[in-house]
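Heads up: the structure comes next, in structure tokens.
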Amino acid sequence: MSRLRQILVHNDGFAFDPTTGESFTCNSTAAFIINLLKSEKSPQEVSLELADAFDVTGQDADHDVFDFIYHLRILNIIE
Amino acid sequence: MPEIVVGVTGINSSDNPGPGVGVARSLKEARDLDVRVIGLAYDAMETGIYLDWVIDRSFIIPYASAGPGALLERLRYIKSVAGLDFVIPCLDIELPLFTRIEQALAQEGIATFLPTPKQFKLRGKDRLVEVAPAIELSLPKTRVVSSVDDLNAAMKELTFPLVVKGTHYNALRAYTTQEAFDCFHSMLAQSGYPIILQEIVKGEELNMIALGDGEGGCLGQVGMKKISTTSIGKIWTGVTVRNQPMIDAAYRFMEVYRWRGAFELECIADGEKVYLIEINPRFPAWVYFATAVGVNLPAAIVRTALGLPPVAPETYETGRLYVRHTEELITDLTTFQKMVTRGEN
């Protein structure tokens, strides 16, 4: 989780890692998930908040959160 | 604050720019110093000669092949006509020469702040095998070869693709055994033995500029990532970063080797693992990037060398963007004419 914690996510979806200089763009859902993961929420907690905030089913939220975490692992942003 | 006259070399800001113009610009922007910059050029076409808002006067100096005596004589002359309190050599190839005349220059009242000859040798590509572990950085699997037999043995131990490097400039990529032989002979013709063969590692290309005080301390540092480069690998855009393993390594380098002067660490970061690729014993061409984000290292080197009151090292923000660009300058032939006919303007 350490690299995720240091990534800065701006309101417009621009994300920057100040230790490596890499930058990413993410949509509002991704930015929402990143900010919750940075605040030490578990994937299950993130999923619940996502379902509530975006008015989607728990199953859809679970799918989005776990799919996105998988992508973060591929990018070595999360362990 | 009395005016300080500083000579700067490496003022050719071409597609492969020297650091001199960035150093001069930094000195001109130093808040607490009144600096007159003297450009020291090897050729009348070095671009810095024509940038009269950063370089006040320019003089042609002899090539390194003319030897230390010729250089000393020329610097004595420049001191006599333009004043010269301090010189910053900005090119690798001239550093050994300047260290040889360091004491003689000091006797003339011209200060320098250079690594010792022993320190200078440390940054050699063939010495990184011992330096990397001492500063706790990784080194891509490397073999230093001094014969064709060594080359054959090394290729059995290394995994392609490889980088083939000489001891000075340039590096070539080899994807096959035949290419490795070709690169080996090409490098041998350029710089002689030893030749360095190194496995290619993946990761982010991070660089760091720092200034050692010669007593184990640091007078300032800035880290950055190259976002884009030219076809010969020179930075075109970059962004400031703070990569702790690289910072720690730079501090260890200054502490362990008591490094005196400016240097650049070239690294590749793959997650937590940071590889040491190269150490340059001078300011890099992107030195003005550090100045613009608040860390004016050319000013710091002048202050330190001339014994002026020290200024605490500044910090900097991450996420500051560097964009190099080209610009045309149109002028008359007067300056060029003076440089060609008189060697000064």
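Chain lettering (A, B, ...) mirrors the order of the structure tokens, residue numbering begins at 1 for each chain separately, and ligand numbering begins at 1 in order of display.
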
Name the residues of chain A that fall into helix (DSSP H, G or I) according to DSSP on the backbone, using the chain letters and numbers of this document, as a ChimeraX atom specification.
/A:2-6,28-38,43-54,58-74

Set out as a Markdown table a contact list for chain A and chain B with a cut-off of 6 Å, giving each residue of chain A that qualifies its closest atom pair and distance in Å to one decimal, counting only C-alpha atoms, ordered by chain and rising residue number.
```
| residue | atom | partner | partner_atom | distance |
| --- | --- | --- | --- | --- |
| A:Pro18 | CA | B:Val241 | CA | 4.9 |
| A:Thr19 | CA | B:Asn243 | CA | 4.4 |
| A:Gly21 | CA | B:Lys225 | CA | 5.5 |
```

If you count only C-alpha atoms, which residues fall within 7 Å of stretch 56-67 of chain B, apart from same-chain ones fewer than 6 positions away, as a list in words?
Arg36, Val37, Ile38, Gly39, Leu40, Ala41, Tyr42, Asp43, Ile49, Arg74, Glu94, Leu97, Gly343, Glu344 and Asn345 of chain B

Ranking B:Ala250, B:Leu158, B:Ile88, B:Ala44 by minimum distance to B:Ala134 and counting only C-alpha atoms, which one comes first?
B:Ala250

I want to know what sits within 6 Å of B:Leu219, based on only C-alpha atoms, with residues of the same chain fewer than 4 positions away left out; could you give that as a PyMOL selection string?
chain B and resi 211-212+313

For B:Ser146, find every residue with an atom within 8 Å (counting only C-alpha atoms), except residues of its own chain fewer than 5 positions away, and show them as a VMD selection string.
chain B and resid 151 193 to 195

Can I get the selected residues back with C-alpha atoms, as a tab-separated table (two decimals), in the first residue's frame?
```tsv
chain	number	residue	atom	x	y	z
B	151	LEU	CA	34.37	-10.28	-23.87
B	193	TYR	CA	40.14	-0.36	-22.70
B	194	PRO	CA	38.38	-1.11	-20.47
B	195	ILE	CA	34.99	-1.69	-22.06
```

Using only C-alpha atoms, which residues sit within 12 Å of A:Gly58 once same-chain residues fewer than 3 positions away are excluded, as a ChimeraX atom specification?
/A:44-55,61-65

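Checking B:Ser228, B:Thr116, B:Thr341, B:Thr159 one by one against B:Arg258, counting only C-alpha atoms, you find the shortest gap at B:Thr116.
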
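Of the residues in stretch 16-74 of chain A, those given strand (DSSP E) by DSSP on the backbone are Phe16, Ser23, Phe24 and Thr25 of chain A.
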
Keeping C-alpha atoms for every residue in the selection just given, could you write it to a file as a tab-separated table (two decimals), in the first residue's frame?
```tsv
chain	number	residue	atom	x	y	z
A	16	PHE	CA	1.30	12.03	-9.75
A	23	SER	CA	1.77	10.53	-13.85
A	24	PHE	CA	-1.59	8.92	-14.58
A	25	THR	CA	-5.06	10.06	-15.46
```
